[in-house]
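Colleague: Take this structure first; my questions come after.
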Amino acid sequence: MKTKPYVRDKSALGYSVGVTLDRFIKSKQDDFPFASGELSQLLRDIALATKIVNREINRAGLSNIGGAFGQTNVQGEEQQNLDVIANIRFTRALSKGGEVCAIVSEEDDEVIDLQNQSGKYVVAIDPLDGSSNIDVNISIGTIFSIYRRVSPVGHPIQPEDILQKGLDQVAAGYVLFGSSTMLVYTTGNGVNGFTYEPSLGEFFLSHPNMCAPKTGTIYSINEGMTNQMDEGLKNYIQYCKEKAYSARYIGSLVADFHRNLLKGGIYIYPATQNTPNGKIRLMYEANALAFIAEQAGAVAIDGTRRILEIQPESLHQRTPLYLGSEEMVSMAESFIKEKVLNS
Ligand code: AFP
């Protein structure tokens with residue numbers, strides 16, 4: 001029987017704008033075999049902490065909570081007030097839910113062992129990335145990775161629960177505090193983005209099934225470091241200029257990544273003479289964005305290796321990062337390789 005023309009097939013509606021993050025997470029729970037709802041609850045906890053941090057960020061200029069806190073974190077960088085606040089909000093949210101047994105945070109030297117032996121998940125998080133942009137009202141972000149613990153539940157956590165490869169992530173996401181606040185995440189079945197509607201206090205699905213363009217015309221790198229870069233990379237930058245690509249670099253990885261994911265582009269934070277391992281942290285920056293990138297059809301390498309395959313050896317390990325549209329990353333890689341072959 002033919003469907004009446006005014007009766008729309010429900011499946012054709014897909015997920016229209018109006019689907020809240022909460023409802024979306026719930027609808028996706030059945031995608032996981034043996035799902036008990038804990039990962040869903042964990043994602044909801046992160047979303048709640050995001051709303052709280054978003055409120056703090058929006059008040060930053062008014063309530064004098066922007067600016068340096070006077071302490072340095074484990075990277076030797078000056079901590080900002082909001083870094084500290086965001087770290088507290090996220091770790092508190094993750095501790096309360098009961099799903100998490102340990103947290104790795106950019107702001108803490110050591111693993112935070114929540115002494116919750118029944119927690120199945122380990123979270124690695126950069127609570128507020130791009131913190132030098134806080135004081136000047138430029139976009140900043142949060143990045144998180146979620147892993148299932150390896151050792152059996154009911155026992156103390158082990159090093160192998162923490163130092164897992166990016167390939168082992170069960171979910172990852174970022175929050176962009178920009179002209180609007182967005183939460184983008186994957187559980188390994190595509191990437192979906194949600195935009196925050198502050199008057200309703202809800203995230204709504206705004207970017208279903210995000211797909212990165214195969215190529216693009218944006219390159220994002222701190223060109224002030226050119227003199228310290230390898231010849232191969234210098235040649236690639238020159239290639240970008242000859243192609244008249246647009247240089248766009250915010251200095252907030254999440255913001256640069258998000259723009260390039262939507263428009264097509266490449267983000268590069270290379271190894272340099274001064275920083276032979278680059279600057280970006282493998283466990284709570286590169287891995288999450290690499291997982292999201294690959295789920296959206298983009299690519300992430302350290303110059304030669306796939307980011308997700310790197311075995312972390314320490315919590316705050318750094319990695320060079322080439323991240324973005326497949327063809328652009330592959331072109332950058334061939335420039336680097338050529339140099340290696342010629343040298
Ligand atoms: P901060 O959190 O210290 O501002 O670092 C941000 C970051 O890790 C990443 O978000 C930027 O892309 C990159 O560093 C900027 O580094 P440079 O200032 O060296 O270009």
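For the structure tokens, the naming scheme is as follows: chains receive sequential letters (A, B, ...) according to their order of presentation, residues are indexed from 1 within each chain, and ligands are indexed from 1 in presentation order.
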Can you list, as a list in words, every protein, DNA or RNA residue that comes within 12 Å of A:Glu327 when you count only C-alpha atoms, leaving out same-chain residues fewer than 3 positions away?
Modeller: Ala212, Pro213, Lys214, Thr215, Gly216, Thr217, Gly264, Gly265, Ile266, Gly297, Ala298, Val299, Ala300, Tyr322, Leu323, Gly324, Ser330, Met331, Ala332, Glu333 and Ser334 of chain A
Colleague: Sorted by chain and rising residue number, which residues of chain A lie within 7 Å of ligand 1, and what are their closest atom pairs and distances in Å to one decimal, counting only C-alpha atoms and all ligand atoms, as CSV?
Modeller:
residue,atom,partner,partner_atom_place_in_ligand_line,distance
A:Glu77,CA,ligand 1,3 (O),6.5
A:Leu128,CA,ligand 1,2 (O),6.9
A:Asp129,CA,ligand 1,2 (O),4.3
A:Gly130,CA,ligand 1,4 (O),3.4
A:Ser131,CA,ligand 1,2 (O),4.2
A:Ser132,CA,ligand 1,4 (O),4.1
A:Asn133,CA,ligand 1,4 (O),6.3
A:Asn222,CA,ligand 1,20 (O),4.8
A:Gly251,CA,ligand 1,11 (C),4.1
A:Ser252,CA,ligand 1,10 (O),3.6
A:Leu253,CA,ligand 1,10 (O),3.5
A:Val254,CA,ligand 1,10 (O),6.4
A:Lys279,CA,ligand 1,8 (O),6.5
A:Ile280,CA,ligand 1,8 (O),5.4
Colleague: Among the residues of stretch 55-217 of chain A, find those DSSP assigns to strand (DSSP E or B) from the backbone and print them as number ranges by chain.
Modeller: A: 68-72, 78-80, 100-105, 112-113, 121-129, 140-148, 169-177, 181-186, 191-197, 202-207
Colleague: Figure out the distance between atom CA of A:Gln317 and atom CA of A:Tyr236, please, to one decimal in Å.
Modeller: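 Atom CA of A:Gln317 lies 26.0 Å from atom CA of A:Tyr236.
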Colleague: Go through stretch 198-233 of chain A and flag each residue having an atom no more than 8 Å from stretch 17-25 of chain A; for those, report the closest pair of atoms plus their distance in Å to one decimal, using only C-alpha atoms, ordered by chain and rising number, as CSV.
Modeller:
residue,atom,partner,partner_atom,distance
A:Glu202,CA,A:Thr20,CA,6.6
A:Phe203,CA,A:Leu21,CA,5.4
A:Phe204,CA,A:Thr20,CA,4.4
A:Leu205,CA,A:Val19,CA,5.5
A:Ser206,CA,A:Val17,CA,5.8
Colleague: Calculate how many Å separate atom CA of A:Glu106 from atom CA of A:Ile88, rounding to one decimal.
Modeller: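 Atom CA of A:Ile88 lies at a distance of 11.9 Å from atom CA of A:Glu106.
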Colleague: Restricting the calculation to only C-alpha atoms, which member of A:Ser246, A:Gln238, A:Ser118, A:Ser40 is positioned closest to A:Ser220?
Modeller: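 Checking each of A:Ser246, A:Gln238, A:Ser118, A:Ser40 against A:Ser220, counting only C-alpha atoms, the winner is A:Ser246.
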Colleague: Name the residues of stretch 187-291 of chain A that come out as alpha helix (DSSP H) in a backbone DSSP run; write them as a PDB file with N, CA, C and O atoms, in the first residue's frame.
Modeller:
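Once written, states21.pdb looks like this:
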ATOM      1  N   GLU A 231      63.356  20.925   7.583  1.00  0.00           N
ATOM      2  CA  GLU A 231      63.267  21.420   6.199  1.00  0.00           C
ATOM      3  C   GLU A 231      61.990  20.923   5.513  1.00  0.00           C
ATOM      4  O   GLU A 231      61.329  21.676   4.804  1.00  0.00           O
ATOM      5  N   GLY A 232      61.664  19.642   5.734  1.00  0.00           N
ATOM      6  CA  GLY A 232      60.485  19.064   5.074  1.00  0.00           C
ATOM      7  C   GLY A 232      59.221  19.854   5.414  1.00  0.00           C
ATOM      8  O   GLY A 232      58.406  20.161   4.537  1.00  0.00           O
ATOM      9  N   LEU A 233      59.081  20.194   6.677  1.00  0.00           N
ATOM     10  CA  LEU A 233      57.894  20.944   7.090  1.00  0.00           C
ATOM     11  C   LEU A 233      57.927  22.368   6.536  1.00  0.00           C
ATOM     12  O   LEU A 233      56.904  22.894   6.085  1.00  0.00           O
ATOM     13  N   LYS A 234      59.125  22.967   6.561  1.00  0.00           N
ATOM     14  CA  LYS A 234      59.246  24.312   5.964  1.00  0.00           C
ATOM     15  C   LYS A 234      58.780  24.275   4.507  1.00  0.00           C
ATOM     16  O   LYS A 234      58.072  25.162   4.045  1.00  0.00           O
ATOM     17  N   ASN A 235      59.191  23.209   3.810  1.00  0.00           N
ATOM     18  CA  ASN A 235      58.801  23.084   2.395  1.00  0.00           C
ATOM     19  C   ASN A 235      57.283  22.944   2.263  1.00  0.00           C
ATOM     20  O   ASN A 235      56.678  23.460   1.331  1.00  0.00           O
ATOM     21  N   TYR A 236      56.670  22.205   3.215  1.00  0.00           N
ATOM     22  CA  TYR A 236      55.212  22.058   3.150  1.00  0.00           C
ATOM     23  C   TYR A 236      54.525  23.408   3.365  1.00  0.00           C
ATOM     24  O   TYR A 236      53.560  23.734   2.661  1.00  0.00           O
ATOM     25  N   ILE A 237      55.038  24.179   4.301  1.00  0.00           N
ATOM     26  CA  ILE A 237      54.433  25.508   4.559  1.00  0.00           C
ATOM     27  C   ILE A 237      54.571  26.371   3.296  1.00  0.00           C
ATOM     28  O   ILE A 237      53.632  27.077   2.914  1.00  0.00           O
ATOM     29  N   GLN A 238      55.717  26.266   2.672  1.00  0.00           N
ATOM     30  CA  GLN A 238      55.937  27.022   1.436  1.00  0.00           C
ATOM     31  C   GLN A 238      54.935  26.569   0.356  1.00  0.00           C
ATOM     32  O   GLN A 238      54.358  27.390  -0.350  1.00  0.00           O
ATOM     33  N   TYR A 239      54.694  25.259   0.327  1.00  0.00           N
ATOM     34  CA  TYR A 239      53.719  24.692  -0.621  1.00  0.00           C
ATOM     35  C   TYR A 239      52.318  25.293  -0.353  1.00  0.00           C
ATOM     36  O   TYR A 239      51.616  25.678  -1.280  1.00  0.00           O
ATOM     37  N   CYS A 240      51.964  25.388   0.935  1.00  0.00           N
ATOM     38  CA  CYS A 240      50.652  25.962   1.298  1.00  0.00           C
ATOM     39  C   CYS A 240      50.561  27.410   0.800  1.00  0.00           C
ATOM     40  O   CYS A 240      49.512  27.860   0.330  1.00  0.00           O
ATOM     41  N   LYS A 241      51.668  28.121   0.907  1.00  0.00           N
ATOM     42  CA  LYS A 241      51.674  29.526   0.474  1.00  0.00           C
ATOM     43  C   LYS A 241      51.561  29.625  -1.048  1.00  0.00           C
ATOM     44  O   LYS A 241      50.838  30.472  -1.564  1.00  0.00           O
ATOM     45  N   GLU A 242      52.278  28.733  -1.720  1.00  0.00           N
ATOM     46  CA  GLU A 242      52.206  28.752  -3.185  1.00  0.00           C
ATOM     47  C   GLU A 242      50.794  28.448  -3.664  1.00  0.00           C
ATOM     48  O   GLU A 242      50.343  28.958  -4.680  1.00  0.00           O
ATOM     49  N   LEU A 253      43.702  24.742  20.498  1.00  0.00           N
ATOM     50  CA  LEU A 253      43.631  23.557  19.645  1.00  0.00           C
ATOM     51  C   LEU A 253      42.190  23.192  19.281  1.00  0.00           C
ATOM     52  O   LEU A 253      41.885  22.890  18.133  1.00  0.00           O
ATOM     53  N   VAL A 254      41.300  23.231  20.269  1.00  0.00           N
ATOM     54  CA  VAL A 254      39.912  22.836  20.010  1.00  0.00           C
ATOM     55  C   VAL A 254      39.300  23.729  18.936  1.00  0.00           C
ATOM     56  O   VAL A 254      38.638  23.251  18.003  1.00  0.00           O
ATOM     57  N   ALA A 255      39.534  25.026  19.056  1.00  0.00           N
ATOM     58  CA  ALA A 255      38.930  25.965  18.107  1.00  0.00           C
ATOM     59  C   ALA A 255      39.526  25.776  16.714  1.00  0.00           C
ATOM     60  O   ALA A 255      38.800  25.754  15.710  1.00  0.00           O
ATOM     61  N   ASP A 256      40.847  25.610  16.653  1.00  0.00           N
ATOM     62  CA  ASP A 256      41.476  25.406  15.343  1.00  0.00           C
ATOM     63  C   ASP A 256      41.008  24.084  14.724  1.00  0.00           C
ATOM     64  O   ASP A 256      40.724  24.004  13.534  1.00  0.00           O
ATOM     65  N   PHE A 257      40.924  23.057  15.564  1.00  0.00           N
ATOM     66  CA  PHE A 257      40.494  21.743  15.067  1.00  0.00           C
ATOM     67  C   PHE A 257      39.047  21.782  14.580  1.00  0.00           C
ATOM     68  O   PHE A 257      38.713  21.285  13.501  1.00  0.00           O
ATOM     69  N   HIS A 258      38.185  22.404  15.375  1.00  0.00           N
ATOM     70  CA  HIS A 258      36.754  22.441  15.049  1.00  0.00           C
ATOM     71  C   HIS A 258      36.522  23.152  13.704  1.00  0.00           C
ATOM     72  O   HIS A 258      35.783  22.652  12.855  1.00  0.00           O
ATOM     73  N   ARG A 259      37.178  24.298  13.559  1.00  0.00           N
ATOM     74  CA  ARG A 259      37.025  25.027  12.294  1.00  0.00           C
ATOM     75  C   ARG A 259      37.491  24.174  11.115  1.00  0.00           C
ATOM     76  O   ARG A 259      36.820  24.065  10.092  1.00  0.00           O
ATOM     77  N   ASN A 260      38.650  23.558  11.267  1.00  0.00           N
ATOM     78  CA  ASN A 260      39.186  22.772  10.154  1.00  0.00           C
ATOM     79  C   ASN A 260      38.352  21.517   9.879  1.00  0.00           C
ATOM     80  O   ASN A 260      38.261  21.066   8.742  1.00  0.00           O
ATOM     81  N   LEU A 261      37.748  20.982  10.929  1.00  0.00           N
ATOM     82  CA  LEU A 261      36.879  19.808  10.756  1.00  0.00           C
ATOM     83  C   LEU A 261      35.666  20.172   9.893  1.00  0.00           C
ATOM     84  O   LEU A 261      35.224  19.406   9.052  1.00  0.00           O
ATOM     85  N   LEU A 262      35.145  21.367  10.134  1.00  0.00           N
ATOM     86  CA  LEU A 262      33.962  21.779   9.375  1.00  0.00           C
ATOM     87  C   LEU A 262      34.320  22.269   7.976  1.00  0.00           C
ATOM     88  O   LEU A 262      33.609  21.993   7.014  1.00  0.00           O
ATOM     89  N   LYS A 263      35.420  23.000   7.880  1.00  0.00           N
ATOM     90  CA  LYS A 263      35.723  23.656   6.593  1.00  0.00           C
ATOM     91  C   LYS A 263      36.767  22.933   5.752  1.00  0.00           C
ATOM     92  O   LYS A 263      36.892  23.204   4.567  1.00  0.00           O
ATOM     93  N   ASN A 287      44.942  12.256  21.534  1.00  0.00           N
ATOM     94  CA  ASN A 287      44.177  11.024  21.344  1.00  0.00           C
ATOM     95  C   ASN A 287      42.695  11.280  21.103  1.00  0.00           C
ATOM     96  O   ASN A 287      42.090  10.683  20.213  1.00  0.00           O
ATOM     97  N   ALA A 288      42.113  12.149  21.916  1.00  0.00           N
ATOM     98  CA  ALA A 288      40.673  12.412  21.778  1.00  0.00           C
ATOM     99  C   ALA A 288      40.378  13.000  20.404  1.00  0.00           C
ATOM    100  O   ALA A 288      39.457  12.554  19.703  1.00  0.00           O
ATOM    101  N   LEU A 289      41.201  13.990  20.013  1.00  0.00           N
ATOM    102  CA  LEU A 289      40.916  14.640  18.733  1.00  0.00           C
ATOM    103  C   LEU A 289      41.222  13.706  17.562  1.00  0.00           C
ATOM    104  O   LEU A 289      40.560  13.760  16.527  1.00  0.00           O
ATOM    105  N   ALA A 290      42.203  12.825  17.752  1.00  0.00           N
ATOM    106  CA  ALA A 290      42.510  11.849  16.697  1.00  0.00           C
ATOM    107  C   ALA A 290      41.338  10.880  16.517  1.00  0.00           C
ATOM    108  O   ALA A 290      40.967  10.528  15.388  1.00  0.00           O
ATOM    109  N   PHE A 291      40.746  10.453  17.617  1.00  0.00           N
ATOM    110  CA  PHE A 291      39.599   9.527  17.554  1.00  0.00           C
ATOM    111  C   PHE A 291      38.427  10.213  16.835  1.00  0.00           C
ATOM    112  O   PHE A 291      37.811   9.653  15.921  1.00  0.00           O
TER     113      PHE A 291
END
Colleague: Name the closest residue to A:Tyr249 among the candidates A:Ile138, A:Met283, A:Val184, A:Ile157; distances are taken between atoms, counting only C-alpha atoms.
Modeller: A:Ile138
Colleague: Counting only C-alpha atoms, which residues of stretch 192-275 of chain A fall within 12 Å of stretch 42-65 of chain A, and what is the closest atom pair for each with its distance in Å at one decimal, ordered by chain and rising number, as JSON lines?
Modeller:
{"residue": "A:Phe194", "atom": "CA", "partner": "A:Ala47", "partner_atom": "CA", "distance": 10.4}
{"residue": "A:Thr195", "atom": "CA", "partner": "A:Lys51", "partner_atom": "CA", "distance": 11.3}
{"residue": "A:Tyr196", "atom": "CA", "partner": "A:Lys51", "partner_atom": "CA", "distance": 8.4}
{"residue": "A:Glu197", "atom": "CA", "partner": "A:Lys51", "partner_atom": "CA", "distance": 10.2}
{"residue": "A:Pro198", "atom": "CA", "partner": "A:Lys51", "partner_atom": "CA", "distance": 8.6}
{"residue": "A:Ser199", "atom": "CA", "partner": "A:Arg55", "partner_atom": "CA", "distance": 11.6}
{"residue": "A:Leu200", "atom": "CA", "partner": "A:Lys51", "partner_atom": "CA", "distance": 11.3}
{"residue": "A:Gly201", "atom": "CA", "partner": "A:Lys51", "partner_atom": "CA", "distance": 7.6}
{"residue": "A:Glu202", "atom": "CA", "partner": "A:Lys51", "partner_atom": "CA", "distance": 8.5}
{"residue": "A:Phe203", "atom": "CA", "partner": "A:Ala47", "partner_atom": "CA", "distance": 8.4}
{"residue": "A:Phe204", "atom": "CA", "partner": "A:Ala47", "partner_atom": "CA", "distance": 11.6}
Colleague: For each of A:Val100, A:Glu110, A:Asp31, A:Thr304, take the minimum atom-to-atom distance to A:Asn189, counting only C-alpha atoms, then give the residue where this is smallest.
Modeller: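 Of all the options, A:Asp31 lies closest to A:Asn189.
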